[in-house]
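Chemist: Below is a structure I'd like to ask you about.
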Amino acid sequence: MNLIEGLPLGLGGGFWFLLILIGVLLDWLIGDPPWLPHPIIAIGKTIGFLNKKLNRGKHRRAKGFLLLFLVLGLTGAIVFGLQWLLYSINIYLYIAFNLYLIVTALAAKTLAIEVQKVMTALMGGDIEVSRVQVGYLVGRDTSELKEKEIIRATVETTAENTIDGVLAPIFYLLLGALIPVPWLNPVMLVMLYKATNTLDSMVGYVQEPYKDFGYASAKFDDLVNFIPARLGSI
């Protein structure tokens, strides 16, 4: 296996910064094309499968910790395995794979498009369409929302999703570029973050049946978002 700049599975901080910049630009230009397989969908399906198997019976809080460890462990193992395999085959495959994951970890373009759909419907006076569109953003029942409530929900979810889909991923990408540990690279960190964020969105609720089962995922999501959320409020 060839070593780039003496680092196995690494390209050096300067190259990672360049790759991150290209990824940010590509996300803004093309977003998430519907024909492109998305790793978050695979993570979500894994969480859904484990939720059905683990979220029952006794000791649900302990099972919630097991869920967190399993999902993060599987995510890390798969990302590392594919990085190692592609790096050993061809450096350009390795670069393309990492760029693909960087682009899918960001959601600036997609968020802007979805928010614009809500605002276009509101400006056109179509309250029913705006309710449907904002429902895609907030993931809850919006069928009875009034205009002011739709606007408030849109503003709130835009702020939240800007952190989850833009600021926090960029934070962990840049942090990974600064860490001199090849296997703990920007893509590894950002995919572990996205797995945590997906866990929180699927099981991190205070209502049953997730109150105990989602405790670990919700608390860990709070932890990994602590610094990005504060950077976003500046």
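Ligands are numbered from 1 in the order shown, residues from 1 within each chain, and chains are lettered A, B, ... in the order they appear in the structure tokens.
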For stretch 101-109 of chain A, please output as a PDB file with N, CA and C atoms, in the first residue's frame all residues within 10 Å (counting only C-alpha atoms; exclusion window: fewer than 2 positions along the same chain).
Modeler:
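Listing of out-v3.pdb after writing:
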ATOM      1  N   LEU A  19     -10.355  19.136   0.026  1.00  0.00           N
ATOM      2  CA  LEU A  19     -11.466  18.228  -0.254  1.00  0.00           C
ATOM      3  C   LEU A  19     -12.747  18.713   0.416  1.00  0.00           C
ATOM      4  N   ILE A  20     -12.628  19.235   1.638  1.00  0.00           N
ATOM      5  CA  ILE A  20     -13.794  19.775   2.343  1.00  0.00           C
ATOM      6  C   ILE A  20     -14.364  20.975   1.596  1.00  0.00           C
ATOM      7  N   LEU A  21     -13.484  21.859   1.139  1.00  0.00           N
ATOM      8  CA  LEU A  21     -13.929  23.033   0.388  1.00  0.00           C
ATOM      9  C   LEU A  21     -14.672  22.617  -0.877  1.00  0.00           C
ATOM     10  N   ILE A  22     -14.132  21.640  -1.609  1.00  0.00           N
ATOM     11  CA  ILE A  22     -14.797  21.153  -2.821  1.00  0.00           C
ATOM     12  C   ILE A  22     -16.155  20.553  -2.460  1.00  0.00           C
ATOM     13  N   GLY A  23     -16.212  19.808  -1.355  1.00  0.00           N
ATOM     14  CA  GLY A  23     -17.461  19.201  -0.924  1.00  0.00           C
ATOM     15  C   GLY A  23     -18.520  20.235  -0.587  1.00  0.00           C
ATOM     16  N   VAL A  24     -18.118  21.294   0.107  1.00  0.00           N
ATOM     17  CA  VAL A  24     -19.054  22.370   0.454  1.00  0.00           C
ATOM     18  C   VAL A  24     -19.600  23.025  -0.814  1.00  0.00           C
ATOM     19  N   LEU A  25     -18.733  23.287  -1.778  1.00  0.00           N
ATOM     20  CA  LEU A  25     -19.159  23.909  -3.038  1.00  0.00           C
ATOM     21  C   LEU A  25     -20.093  22.988  -3.820  1.00  0.00           C
ATOM     22  N   LEU A  26     -19.776  21.689  -3.862  1.00  0.00           N
ATOM     23  CA  LEU A  26     -20.628  20.740  -4.574  1.00  0.00           C
ATOM     24  C   LEU A  26     -21.996  20.619  -3.911  1.00  0.00           C
ATOM     25  N   ASP A  27     -22.011  20.629  -2.576  1.00  0.00           N
ATOM     26  CA  ASP A  27     -23.298  20.562  -1.867  1.00  0.00           C
ATOM     27  C   ASP A  27     -24.162  21.756  -2.229  1.00  0.00           C
ATOM     28  N   TRP A  28     -23.559  22.930  -2.292  1.00  0.00           N
ATOM     29  CA  TRP A  28     -24.343  24.127  -2.616  1.00  0.00           C
ATOM     30  C   TRP A  28     -24.796  24.136  -4.072  1.00  0.00           C
ATOM     31  N   LEU A  29     -23.998  23.533  -4.936  1.00  0.00           N
ATOM     32  CA  LEU A  29     -24.335  23.534  -6.359  1.00  0.00           C
ATOM     33  C   LEU A  29     -25.366  22.468  -6.722  1.00  0.00           C
ATOM     34  N   ILE A  30     -25.210  21.251  -6.195  1.00  0.00           N
ATOM     35  CA  ILE A  30     -26.075  20.147  -6.621  1.00  0.00           C
ATOM     36  C   ILE A  30     -26.945  19.580  -5.505  1.00  0.00           C
ATOM     37  N   GLY A  31     -26.616  19.861  -4.238  1.00  0.00           N
ATOM     38  CA  GLY A  31     -27.409  19.325  -3.136  1.00  0.00           C
ATOM     39  C   GLY A  31     -27.327  17.809  -3.088  1.00  0.00           C
ATOM     40  N   ASP A  32     -28.478  17.176  -2.828  1.00  0.00           N
ATOM     41  CA  ASP A  32     -28.554  15.714  -2.784  1.00  0.00           C
ATOM     42  C   ASP A  32     -29.439  15.219  -3.919  1.00  0.00           C
ATOM     43  N   PRO A  33     -28.862  14.890  -5.069  1.00  0.00           N
ATOM     44  CA  PRO A  33     -29.668  14.380  -6.186  1.00  0.00           C
ATOM     45  C   PRO A  33     -30.446  13.132  -5.767  1.00  0.00           C
ATOM     46  N   LEU A  36     -28.948   9.637  -6.298  1.00  0.00           N
ATOM     47  CA  LEU A  36     -27.695   9.263  -5.640  1.00  0.00           C
ATOM     48  C   LEU A  36     -27.974   8.557  -4.317  1.00  0.00           C
ATOM     49  N   PRO A  37     -27.481   7.329  -4.122  1.00  0.00           N
ATOM     50  CA  PRO A  37     -27.691   6.631  -2.836  1.00  0.00           C
ATOM     51  C   PRO A  37     -27.173   7.466  -1.676  1.00  0.00           C
ATOM     52  N   HIS A  38     -27.951   7.515  -0.599  1.00  0.00           N
ATOM     53  CA  HIS A  38     -27.576   8.354   0.540  1.00  0.00           C
ATOM     54  C   HIS A  38     -27.263   7.492   1.758  1.00  0.00           C
ATOM     55  N   PRO A  39     -26.078   7.641   2.337  1.00  0.00           N
ATOM     56  CA  PRO A  39     -25.698   6.799   3.485  1.00  0.00           C
ATOM     57  C   PRO A  39     -26.595   6.981   4.703  1.00  0.00           C
ATOM     58  N   ILE A  40     -27.203   8.155   4.865  1.00  0.00           N
ATOM     59  CA  ILE A  40     -28.069   8.383   6.025  1.00  0.00           C
ATOM     60  C   ILE A  40     -29.314   7.502   5.952  1.00  0.00           C
ATOM     61  N   VAL A  79     -17.238   2.628   7.425  1.00  0.00           N
ATOM     62  CA  VAL A  79     -16.501   3.735   6.805  1.00  0.00           C
ATOM     63  C   VAL A  79     -15.009   3.409   6.736  1.00  0.00           C
ATOM     64  N   ALA A  96     -12.540   9.942  -4.225  1.00  0.00           N
ATOM     65  CA  ALA A  96     -13.923  10.076  -4.685  1.00  0.00           C
ATOM     66  C   ALA A  96     -14.909   9.627  -3.620  1.00  0.00           C
ATOM     67  N   PHE A  97     -14.594   8.543  -2.938  1.00  0.00           N
ATOM     68  CA  PHE A  97     -15.469   8.025  -1.880  1.00  0.00           C
ATOM     69  C   PHE A  97     -15.599   9.032  -0.748  1.00  0.00           C
ATOM     70  N   ASN A  98     -14.487   9.597  -0.325  1.00  0.00           N
ATOM     71  CA  ASN A  98     -14.523  10.579   0.764  1.00  0.00           C
ATOM     72  C   ASN A  98     -15.260  11.846   0.352  1.00  0.00           C
ATOM     73  N   LEU A  99     -15.068  12.275  -0.883  1.00  0.00           N
ATOM     74  CA  LEU A  99     -15.770  13.459  -1.369  1.00  0.00           C
ATOM     75  C   LEU A  99     -17.277  13.207  -1.404  1.00  0.00           C
ATOM     76  N   LEU A 111     -31.751  22.091   2.304  1.00  0.00           N
ATOM     77  CA  LEU A 111     -32.499  22.881   3.276  1.00  0.00           C
ATOM     78  C   LEU A 111     -33.052  24.145   2.636  1.00  0.00           C
ATOM     79  N   ALA A 112     -32.224  24.830   1.850  1.00  0.00           N
ATOM     80  CA  ALA A 112     -32.666  26.069   1.193  1.00  0.00           C
ATOM     81  C   ALA A 112     -33.831  25.799   0.251  1.00  0.00           C
ATOM     82  N   ILE A 113     -33.775  24.685  -0.478  1.00  0.00           N
ATOM     83  CA  ILE A 113     -34.852  24.343  -1.419  1.00  0.00           C
ATOM     84  C   ILE A 113     -36.150  24.064  -0.688  1.00  0.00           C
ATOM     85  N   GLU A 114     -36.079  23.291   0.392  1.00  0.00           N
ATOM     86  CA  GLU A 114     -37.284  22.918   1.134  1.00  0.00           C
ATOM     87  C   GLU A 114     -37.920  24.129   1.824  1.00  0.00           C
ATOM     88  N   ASN A 161     -31.878  22.931  11.708  1.00  0.00           N
ATOM     89  CA  ASN A 161     -31.279  22.150  10.628  1.00  0.00           C
ATOM     90  C   ASN A 161     -30.016  22.794  10.064  1.00  0.00           C
ATOM     91  N   THR A 162     -29.883  24.107  10.237  1.00  0.00           N
ATOM     92  CA  THR A 162     -28.640  24.761   9.823  1.00  0.00           C
ATOM     93  C   THR A 162     -27.485  24.257  10.675  1.00  0.00           C
ATOM     94  N   ASP A 164     -27.558  21.223  12.463  1.00  0.00           N
ATOM     95  CA  ASP A 164     -27.419  19.780  12.237  1.00  0.00           C
ATOM     96  C   ASP A 164     -26.905  19.438  10.838  1.00  0.00           C
ATOM     97  N   GLY A 165     -27.307  20.225   9.843  1.00  0.00           N
ATOM     98  CA  GLY A 165     -26.993  19.872   8.471  1.00  0.00           C
ATOM     99  C   GLY A 165     -25.881  20.668   7.823  1.00  0.00           C
ATOM    100  N   VAL A 166     -25.418  21.732   8.506  1.00  0.00           N
ATOM    101  CA  VAL A 166     -24.379  22.572   7.894  1.00  0.00           C
ATOM    102  C   VAL A 166     -23.240  22.851   8.875  1.00  0.00           C
ATOM    103  N   LEU A 167     -23.550  23.568   9.953  1.00  0.00           N
ATOM    104  CA  LEU A 167     -22.485  24.019  10.858  1.00  0.00           C
ATOM    105  C   LEU A 167     -21.781  22.871  11.569  1.00  0.00           C
ATOM    106  N   ALA A 168     -22.552  21.954  12.157  1.00  0.00           N
ATOM    107  CA  ALA A 168     -21.937  20.847  12.889  1.00  0.00           C
ATOM    108  C   ALA A 168     -21.133  19.924  11.968  1.00  0.00           C
ATOM    109  N   PRO A 169     -21.671  19.532  10.797  1.00  0.00           N
ATOM    110  CA  PRO A 169     -20.840  18.722   9.901  1.00  0.00           C
ATOM    111  C   PRO A 169     -19.541  19.402   9.495  1.00  0.00           C
ATOM    112  N   ILE A 170     -19.606  20.698   9.182  1.00  0.00           N
ATOM    113  CA  ILE A 170     -18.382  21.423   8.811  1.00  0.00           C
ATOM    114  C   ILE A 170     -17.420  21.465   9.996  1.00  0.00           C
ATOM    115  N   LEU A 173     -15.807  18.070  10.217  1.00  0.00           N
ATOM    116  CA  LEU A 173     -14.908  17.889   9.080  1.00  0.00           C
ATOM    117  C   LEU A 173     -13.588  18.618   9.324  1.00  0.00           C
ATOM    118  N   PRO A 186     -11.529  13.415   8.731  1.00  0.00           N
ATOM    119  CA  PRO A 186     -12.755  14.219   8.655  1.00  0.00           C
ATOM    120  C   PRO A 186     -14.015  13.428   8.307  1.00  0.00           C
ATOM    121  N   VAL A 187     -13.902  12.511   7.353  1.00  0.00           N
ATOM    122  CA  VAL A 187     -15.074  11.741   6.940  1.00  0.00           C
ATOM    123  C   VAL A 187     -15.529  10.801   8.045  1.00  0.00           C
ATOM    124  N   MET A 188     -14.600  10.185   8.741  1.00  0.00           N
ATOM    125  CA  MET A 188     -14.966   9.318   9.863  1.00  0.00           C
ATOM    126  C   MET A 188     -15.715  10.110  10.930  1.00  0.00           C
ATOM    127  N   VAL A 190     -17.342  13.026  10.661  1.00  0.00           N
ATOM    128  CA  VAL A 190     -18.624  13.584  10.231  1.00  0.00           C
ATOM    129  C   VAL A 190     -19.675  12.486  10.093  1.00  0.00           C
ATOM    130  N   MET A 191     -19.281  11.281   9.690  1.00  0.00           N
ATOM    131  CA  MET A 191     -20.250  10.197   9.581  1.00  0.00           C
ATOM    132  C   MET A 191     -20.690   9.701  10.962  1.00  0.00           C
ATOM    133  N   TYR A 193     -20.896  11.686  13.484  1.00  0.00           N
ATOM    134  CA  TYR A 193     -21.814  12.746  13.895  1.00  0.00           C
ATOM    135  C   TYR A 193     -23.182  12.552  13.263  1.00  0.00           C
ATOM    136  N   LYS A 194     -23.214  12.270  11.954  1.00  0.00           N
ATOM    137  CA  LYS A 194     -24.490  12.089  11.263  1.00  0.00           C
ATOM    138  C   LYS A 194     -25.255  10.884  11.809  1.00  0.00           C
TER     139      LYS A 194
END
Chemist: Which one is closest to A:Leu67: A:Ile151, A:Ile163, A:Val206, A:Leu54? Count only C-alpha atoms.
Modeler: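 Checking each candidate against A:Leu67, we get A:Leu54 as the closest.
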Chemist: Residues within 10 Å of A:Val118, please, as an NGL selection string. Count only C-alpha atoms; anything in the same chain fewer than 4 positions from it doesn't count.
Modeler: :A and (113-114 or 122-124 or 126-127 or 129-137 or 150-151 or 154)
Chemist: So which residues of stretch 9-233 of chain A fall under alpha helix (DSSP H) by DSSP, listed as number ranges by chain?
Modeler: A: 13-30, 39-54, 60-89, 91-105, 108-123, 127-138, 147-162, 168-178, 186-203, 215-224, 226-232
Chemist: Which one of A:Gly44, A:Gly73, A:Pro209, A:Gly176 sits closest to A:Arg60 if you count only C-alpha atoms?
Modeler: A:Pro209
Chemist: What is the distance between atom CA of A:Leu50 and atom CA of A:Thr196, in Å to one decimal?
Modeler: 14.4 Å
Chemist: Please determine, counting only C-alpha atoms, which residue among A:Ala153, A:Asn90, A:Phe69, A:Thr198 has the shortest atom-to-atom distance to A:Gly48.
Modeler: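 Looking at the shortest contact to A:Gly48, the residue is A:Thr198.
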